[in-house]
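Undergrad: Mind looking over this structure? Questions follow.
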Amino acid sequence: MTISLPMCSVDFMDTSLSPEEEVISNRITELKQQLGDDLLILGHHYQRDSIVMHADFLGDSFMLSQKAADSSAKFIVFCGVHFMAESADILTDDEQVVILPNLRAGCSMADMANLADVTRCWNEILENTDLDDPINREDPDLPAPKNENYLIPVTYMNSSAALKSFVGEHGGIVCTSSNAEGILNWAFERAGKNGKVLFFPDQHLGRNTGLAMGIPIEQMTTWTPGEKKNKQDWAHINDSKLILWHGFCSVHKRFTVEQIDEFRNENPDGIVVVHPECPRETVDASDTNGSTQFIRNFVQQQPSGSSIAIGTEINMVARLAKEHPDKKIECLDDKICPCSTMYMIHPAYLMDVLERITEGEIPNQIKVTKDVQNGSLLALERMLSIKK
Ligand code: SF4
C-alpha cells in the first residue's frame, strides 16, 4: 500500500479517518492484540490523533520516561522523537527493545548541541574562570578542587544520549520542562556559593526558569559555539550564574507578544498559557506557563465558557479543544505547523514496525552504546530521584 504523508495544511479539528487510515488503524489494533503484554506503545502529546488512539500511555517526555522505566514489556514502541527513545532504552533492561517507528524523527533543538561543541565550551569555561569540574570532588585520584566553586552541567531531556552521558560523568543532571526549577535548585546547591550552571540546549527554558527562580537577567549569558570571546565576554561570563546554550525549539519560537496582544484584543477576558520553550517576552506577556502536562491541567481547571489561547504544538492544542467543547480553545499562532519531526510518526510506520515484530524481526531499534549508557543513566536517575 502506498501512503502519501500530508504536509502542514492539515485540518487538525477533523479527526475522522480516511478509508486508507481506517484499514491501517484496524490492523494496528489487531497487531497490538496479538503482541499483548509483550508490547508497550508510548505516545507523546505532540503526536497526531491517529497515533495517540493506539498509545497505552500519552504524556510528556518526563512521564513517558517513567513509564518506560516501570515497564516490563519486551517491545517498547516510542511514538515520539529520537532522544525520547534513547532515554527509554537507557532506563530499561538490556533484554527490552526500544523501537522508533520512523528513524528520521529527530528533534531540531536536540541537534543544536553536540558533544564536541559542548566539551569545547566546558573546557574553555574551566580554563578561563576559577571554577572546578565536579569530577575533581568525586574522584580522589584527580587534583583537589581549587575553591569549592563548581560548574554544573544540566541538560534538557531534549538532547542526545551522548550529552546526557557527559552530564552524568561531570556531576550533572537531566531536566524536563516539568521539573526544571527543582533541578536547577539542585544544581546550584552543588555548584557552591560562586558556582555556575551550564544549561543546554534550550536557552529559553533555561532563561525562563532562571528568571522564575529570581536570578537577574544580568547574571545570565548565552553561549554560541564558535563565537570568539573577548575580555568583556569573559567578564560577563564570570559575573553570570547561568550560562545558556544558544539552542531553541523551532515550534515554540514562533509564538510572539503580537499574537498575545491580538488574542487579548479579540478576547478581553481570555487567558493565555504558553510553554517555557517560548521566548522570554512571550512568557512574560502570557498569564502563565508550564510543561505540556501543566498546560493540560491548567485548561482542565478553567471554568466552562473560558477563552484560552495556547502557545504549544498544534496537535496537543487541537486535542485539548476537542476534549473541552465547553471552552473556546485556540492556538496562539493560527498559521502554525505541527512539529515536523513528531509528525514523521505516521500510523503506516507504526503498523509496519508492529507487523515486523510479529514476524520475528526487530525493526528500527534504538540502542544506546554501553560506554554512553552508564553516564546517561546516572544523569537520568539523579533526575528521577528528585521530586518536582
Ligand atoms: S516541539 Fe520542538 S523541542 Fe519538541 S520535538 Fe519538536 S522541535 Fe524538538
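Labels for the C-alpha cells follow display order: chains A, B, ..., residues from 1 in each chain, ligands from 1.
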So that I can see what lies close to Asn238 in chain A, please list as a VMD selection string the residues with an atom at most 9 Å from it, counting only C-alpha atoms and leaving out residues fewer than 2 positions away in the same chain.

TA: chain A and resid 128 to 130 196 233 to 236 240 to 241

Undergrad: Atoms to include: C-alpha atoms. Write the selected residues as an mmCIF file, in the first residue's frame.

TA:
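Saved as out.cif:
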data_model
loop_
_atom_site.group_PDB
_atom_site.id
_atom_site.type_symbol
_atom_site.label_atom_id
_atom_site.label_comp_id
_atom_site.auth_asym_id
_atom_site.auth_seq_id
_atom_site.Cartn_x
_atom_site.Cartn_y
_atom_site.Cartn_z
ATOM 1 C CA ASN A 128 39.023 30.996 31.862
ATOM 2 C CA THR A 129 37.317 31.002 35.286
ATOM 3 C CA ASP A 130 38.257 29.732 38.740
ATOM 4 C CA LYS A 196 27.658 28.334 37.850
ATOM 5 C CA ASP A 233 32.591 38.471 27.256
ATOM 6 C CA TRP A 234 34.675 36.619 29.852
ATOM 7 C CA ALA A 235 33.940 39.318 32.425
ATOM 8 C CA HIS A 236 30.224 38.797 31.761
ATOM 9 C CA SER A 240 26.914 35.110 35.463
ATOM 10 C CA LYS A 241 25.311 32.300 37.421
#

Undergrad: Please extract the residues at most 9 Å from ligand 1, counting only C-alpha atoms and all ligand atoms, and provide them as a ChimeraX atom specification, using the chain letters and residue numbers of this document.

TA: /A:46,80-83,105-111,158,202,248-253,277,312-313,338-343

Undergrad: Write down as a PDB file with C-alpha atoms, in the first residue's frame the residues of range 18-215 of chain A whose backbone DSSP state falls under alpha helix (DSSP H).

TA:
ATOM      1  CA  PRO A  19     -10.733   4.644   4.396  1.00  0.00           C
ATOM      2  CA  GLU A  20      -6.986   4.046   3.955  1.00  0.00           C
ATOM      3  CA  GLU A  21      -6.259   5.230   7.524  1.00  0.00           C
ATOM      4  CA  GLU A  22      -9.127   3.078   8.806  1.00  0.00           C
ATOM      5  CA  VAL A  23      -7.503  -0.026   7.328  1.00  0.00           C
ATOM      6  CA  ILE A  24      -4.169   0.875   8.956  1.00  0.00           C
ATOM      7  CA  SER A  25      -5.800   1.621  12.295  1.00  0.00           C
ATOM      8  CA  ASN A  26      -7.682  -1.696  12.335  1.00  0.00           C
ATOM      9  CA  ARG A  27      -4.502  -3.586  11.521  1.00  0.00           C
ATOM     10  CA  ILE A  28      -2.603  -1.807  14.338  1.00  0.00           C
ATOM     11  CA  THR A  29      -5.356  -2.845  16.759  1.00  0.00           C
ATOM     12  CA  GLU A  30      -5.082  -6.491  15.606  1.00  0.00           C
ATOM     13  CA  LEU A  31      -1.290  -6.488  15.910  1.00  0.00           C
ATOM     14  CA  LYS A  32      -1.486  -4.933  19.371  1.00  0.00           C
ATOM     15  CA  GLN A  33      -3.835  -7.688  20.494  1.00  0.00           C
ATOM     16  CA  GLN A  34      -1.527 -10.295  19.031  1.00  0.00           C
ATOM     17  CA  LEU A  35       1.510  -8.925  20.898  1.00  0.00           C
ATOM     18  CA  ASP A  49      -4.628  11.569  16.972  1.00  0.00           C
ATOM     19  CA  SER A  50      -4.347   8.548  14.692  1.00  0.00           C
ATOM     20  CA  ILE A  51      -1.216   7.565  16.693  1.00  0.00           C
ATOM     21  CA  VAL A  52      -2.433   8.653  20.136  1.00  0.00           C
ATOM     22  CA  SER A  61       8.861  13.179  27.998  1.00  0.00           C
ATOM     23  CA  PHE A  62       9.181  13.050  31.808  1.00  0.00           C
ATOM     24  CA  MET A  63       6.061  10.946  32.332  1.00  0.00           C
ATOM     25  CA  LEU A  64       6.887   8.661  29.409  1.00  0.00           C
ATOM     26  CA  SER A  65      10.441   8.093  30.626  1.00  0.00           C
ATOM     27  CA  GLN A  66       8.973   6.944  33.950  1.00  0.00           C
ATOM     28  CA  LYS A  67       6.517   4.637  32.173  1.00  0.00           C
ATOM     29  CA  ALA A  68       9.388   3.120  30.203  1.00  0.00           C
ATOM     30  CA  ALA A  69      11.405   2.654  33.409  1.00  0.00           C
ATOM     31  CA  ASP A  70       8.440   0.952  35.146  1.00  0.00           C
ATOM     32  CA  HIS A  82      14.798  10.041  18.773  1.00  0.00           C
ATOM     33  CA  PHE A  83      16.090  11.439  22.100  1.00  0.00           C
ATOM     34  CA  MET A  84      12.985  10.112  23.894  1.00  0.00           C
ATOM     35  CA  ALA A  85      13.527   6.594  22.557  1.00  0.00           C
ATOM     36  CA  GLU A  86      17.192   6.803  23.607  1.00  0.00           C
ATOM     37  CA  SER A  87      16.164   7.752  27.154  1.00  0.00           C
ATOM     38  CA  ALA A  88      13.713   4.853  27.233  1.00  0.00           C
ATOM     39  CA  ASP A  89      16.491   2.484  26.146  1.00  0.00           C
ATOM     40  CA  ILE A  90      18.808   3.809  28.879  1.00  0.00           C
ATOM     41  CA  LEU A  91      16.149   3.319  31.561  1.00  0.00           C
ATOM     42  CA  LEU A 115      29.275  16.508  22.282  1.00  0.00           C
ATOM     43  CA  ALA A 116      32.291  18.112  20.572  1.00  0.00           C
ATOM     44  CA  ASP A 117      30.911  21.669  20.899  1.00  0.00           C
ATOM     45  CA  VAL A 118      29.734  21.186  24.481  1.00  0.00           C
ATOM     46  CA  THR A 119      33.085  19.673  25.515  1.00  0.00           C
ATOM     47  CA  ARG A 120      34.921  22.607  23.911  1.00  0.00           C
ATOM     48  CA  CYS A 121      32.655  25.077  25.757  1.00  0.00           C
ATOM     49  CA  TRP A 122      33.154  23.180  29.036  1.00  0.00           C
ATOM     50  CA  ASN A 123      36.961  23.240  28.734  1.00  0.00           C
ATOM     51  CA  GLU A 124      37.039  26.914  27.739  1.00  0.00           C
ATOM     52  CA  ILE A 125      34.946  27.927  30.745  1.00  0.00           C
ATOM     53  CA  LEU A 126      37.083  25.899  33.152  1.00  0.00           C
ATOM     54  CA  GLU A 127      40.271  27.398  31.671  1.00  0.00           C
ATOM     55  CA  ASN A 128      39.023  30.996  31.862  1.00  0.00           C
ATOM     56  CA  ILE A 135      34.543  15.322  38.907  1.00  0.00           C
ATOM     57  CA  ASN A 136      37.533  16.623  40.958  1.00  0.00           C
ATOM     58  CA  ARG A 137      35.400  16.496  44.098  1.00  0.00           C
ATOM     59  CA  GLU A 138      34.266  12.947  43.438  1.00  0.00           C
ATOM     60  CA  ALA A 161      22.357  10.301  24.968  1.00  0.00           C
ATOM     61  CA  ALA A 162      25.991  11.340  24.435  1.00  0.00           C
ATOM     62  CA  LEU A 163      25.262  14.676  26.112  1.00  0.00           C
ATOM     63  CA  LYS A 164      23.327  13.034  28.935  1.00  0.00           C
ATOM     64  CA  SER A 165      26.372  10.831  29.454  1.00  0.00           C
ATOM     65  CA  PHE A 166      28.693  13.869  29.509  1.00  0.00           C
ATOM     66  CA  VAL A 167      26.459  15.443  32.131  1.00  0.00           C
ATOM     67  CA  GLY A 168      26.342  12.279  34.246  1.00  0.00           C
ATOM     68  CA  GLU A 169      30.126  11.947  34.186  1.00  0.00           C
ATOM     69  CA  ALA A 180      13.392  22.403  35.541  1.00  0.00           C
ATOM     70  CA  GLU A 181      13.140  24.633  38.617  1.00  0.00           C
ATOM     71  CA  GLY A 182      13.707  21.796  41.120  1.00  0.00           C
ATOM     72  CA  ILE A 183      16.612  20.530  39.033  1.00  0.00           C
ATOM     73  CA  LEU A 184      18.242  23.971  38.807  1.00  0.00           C
ATOM     74  CA  ASN A 185      17.918  24.351  42.585  1.00  0.00           C
ATOM     75  CA  TRP A 186      19.689  21.015  42.977  1.00  0.00           C
ATOM     76  CA  ALA A 187      22.417  22.130  40.562  1.00  0.00           C
ATOM     77  CA  PHE A 188      23.011  25.488  42.260  1.00  0.00           C
ATOM     78  CA  GLU A 189      23.274  23.807  45.660  1.00  0.00           C
ATOM     79  CA  ARG A 190      26.028  21.575  44.279  1.00  0.00           C
ATOM     80  CA  ALA A 191      27.714  24.441  42.431  1.00  0.00           C
ATOM     81  CA  GLN A 203      18.244  28.818  26.049  1.00  0.00           C
ATOM     82  CA  HIS A 204      14.571  29.752  26.535  1.00  0.00           C
ATOM     83  CA  LEU A 205      13.691  27.053  29.077  1.00  0.00           C
ATOM     84  CA  GLY A 206      16.896  27.888  30.969  1.00  0.00           C
ATOM     85  CA  ARG A 207      16.298  31.645  30.904  1.00  0.00           C
ATOM     86  CA  ASN A 208      12.573  31.462  31.783  1.00  0.00           C
ATOM     87  CA  THR A 209      13.240  29.044  34.642  1.00  0.00           C
ATOM     88  CA  GLY A 210      16.151  31.139  35.937  1.00  0.00           C
ATOM     89  CA  LEU A 211      14.006  34.289  35.911  1.00  0.00           C
ATOM     90  CA  ALA A 212      11.163  32.482  37.720  1.00  0.00           C
TER      91      ALA A 212
END

Undergrad: Taking only C-alpha atoms into account, which of A:Cys331, A:Met344, A:Ile243, A:Leu354 comes nearest Leu40 in chain A?

TA: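 Comparing A:Cys331, A:Met344, A:Ile243, A:Leu354 against Leu40 in chain A, the winner is A:Leu354.
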
Undergrad: Could you tell me how far CA of Ile260 in chain A lies from CA of Asp334 in chain A, in Å and to one decimal?

TA: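 So the two atoms, CA of Ile260 in chain A and CA of Asp334 in chain A, lie 11.6 Å apart.
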
Undergrad: Within 6 Å of Trp245 in chain A, counting only C-alpha atoms, which residues qualify if same-chain residues fewer than 5 places away don't, as a PyMOL selection string?

TA: chain A and resi 200-201+203+222-223

Undergrad: May I have the residues from that selection written out with C-alpha atoms, as a PDB file, in the first residue's frame?

TA:
ATOM      1  CA  PHE A 200      21.838  23.160  27.281  1.00  0.00           C
ATOM      2  CA  PRO A 201      20.484  23.002  24.636  1.00  0.00           C
ATOM      3  CA  GLN A 203      18.244  28.818  26.049  1.00  0.00           C
ATOM      4  CA  THR A 222      24.197  32.940  26.166  1.00  0.00           C
ATOM      5  CA  TRP A 223      26.889  30.671  24.740  1.00  0.00           C
TER       6      TRP A 223
END

Undergrad: Please, what distance in Å, to one decimal, runs between CA of Gly375 in chain A and CA of Tyr150 in chain A?

TA: 18.6 Å

Undergrad: Write out as a VMD selection string each polymer residue whose atoms come within 12 Å of range 322-324 of chain A, counting only C-alpha atoms; drop sequence neighbours fewer than 2 positions from it.

TA: chain A and resid 12 to 15 49 296 to 308 315 to 320 326 to 330

Undergrad: Once DSSP has gone over the backbone, tell me which residues of range 130-324 of chain A are in strand (DSSP E), as a ChimeraX atom specification.

TA: /A:151-156,173-175,196-200,220-223,242-245,271-274,288-289,307-311

Undergrad: Generate the output file for the selected residues, C-alpha atoms, as a PDB file, in the first residue's frame.

TA:
ATOM      1  CA  LEU A 151      30.492  24.316  37.009  1.00  0.00           C
ATOM      2  CA  ILE A 152      27.464  22.021  36.989  1.00  0.00           C
ATOM      3  CA  PRO A 153      26.154  20.796  33.616  1.00  0.00           C
ATOM      4  CA  VAL A 154      22.383  20.474  33.208  1.00  0.00           C
ATOM      5  CA  THR A 155      20.929  19.101  30.007  1.00  0.00           C
ATOM      6  CA  TYR A 156      17.321  19.279  28.947  1.00  0.00           C
ATOM      7  CA  ILE A 173      21.750  16.099  35.771  1.00  0.00           C
ATOM      8  CA  VAL A 174      18.939  15.944  33.195  1.00  0.00           C
ATOM      9  CA  CYS A 175      15.797  18.098  33.439  1.00  0.00           C
ATOM     10  CA  LYS A 196      27.658  28.334  37.850  1.00  0.00           C
ATOM     11  CA  VAL A 197      25.334  26.145  35.832  1.00  0.00           C
ATOM     12  CA  LEU A 198      25.888  25.389  32.154  1.00  0.00           C
ATOM     13  CA  PHE A 199      22.423  24.685  30.725  1.00  0.00           C
ATOM     14  CA  PHE A 200      21.838  23.160  27.281  1.00  0.00           C
ATOM     15  CA  MET A 220      22.760  35.031  32.631  1.00  0.00           C
ATOM     16  CA  THR A 221      24.754  34.783  29.445  1.00  0.00           C
ATOM     17  CA  THR A 222      24.197  32.940  26.166  1.00  0.00           C
ATOM     18  CA  TRP A 223      26.889  30.671  24.740  1.00  0.00           C
ATOM     19  CA  LEU A 242      23.636  30.685  34.436  1.00  0.00           C
ATOM     20  CA  ILE A 243      25.332  30.027  31.093  1.00  0.00           C
ATOM     21  CA  LEU A 244      22.722  29.206  28.457  1.00  0.00           C
ATOM     22  CA  TRP A 245      23.450  27.276  25.274  1.00  0.00           C
ATOM     23  CA  ILE A 271      -6.393  33.586  29.170  1.00  0.00           C
ATOM     24  CA  VAL A 272      -3.012  32.826  27.599  1.00  0.00           C
ATOM     25  CA  VAL A 273      -0.916  29.823  28.589  1.00  0.00           C
ATOM     26  CA  VAL A 274       2.386  29.021  26.889  1.00  0.00           C
ATOM     27  CA  THR A 288       1.014  31.524  32.910  1.00  0.00           C
ATOM     28  CA  ASN A 289       3.459  28.990  31.503  1.00  0.00           C
ATOM     29  CA  SER A 307     -11.463  31.558  26.116  1.00  0.00           C
ATOM     30  CA  ILE A 308      -7.958  30.136  26.181  1.00  0.00           C
ATOM     31  CA  ALA A 309      -5.082  30.694  23.761  1.00  0.00           C
ATOM     32  CA  ILE A 310      -2.291  28.124  23.987  1.00  0.00           C
ATOM     33  CA  GLY A 311       1.291  28.503  22.848  1.00  0.00           C
TER      34      GLY A 311
END

Undergrad: What is the distance between CA of Pro347 in chain A and CA of Pro101 in chain A, in Å to one decimal?

TA: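 Rounded to one decimal, the two atoms are 8.8 Å apart.
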
Undergrad: Which residue out of A:Ala321, A:Gly247, A:Gln219, A:Asp132 has the minimum interatomic distance to Gly192 in chain A when only C-alpha atoms are used?

TA: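 Ranked by minimum distance to Gly192 in chain A, first place goes to A:Asp132.
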
Undergrad: Taking only C-alpha atoms into account, which of A:His54, A:Lys228, A:Asp93, A:Ala73 comes nearest Gly36 in chain A?

TA: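 Among the listed residues, A:Ala73 lies closest to Gly36 in chain A.
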
Undergrad: As a ChimeraX atom specification, please: the residues near Phe78 in chain A (cut-off 7 Å, only C-alpha atoms, same-chain neighbours under 6 positions excluded).

TA: /A:41-43,85,98-100

Undergrad: Can you tell me which residues surround Phe255 in chain A at a distance of at most 7 Å, considering only C-alpha atoms, apart from same-chain residues fewer than 6 positions away, and format the answer as a PyMOL selection string?

TA: chain A and resi 278+282+311+332-333
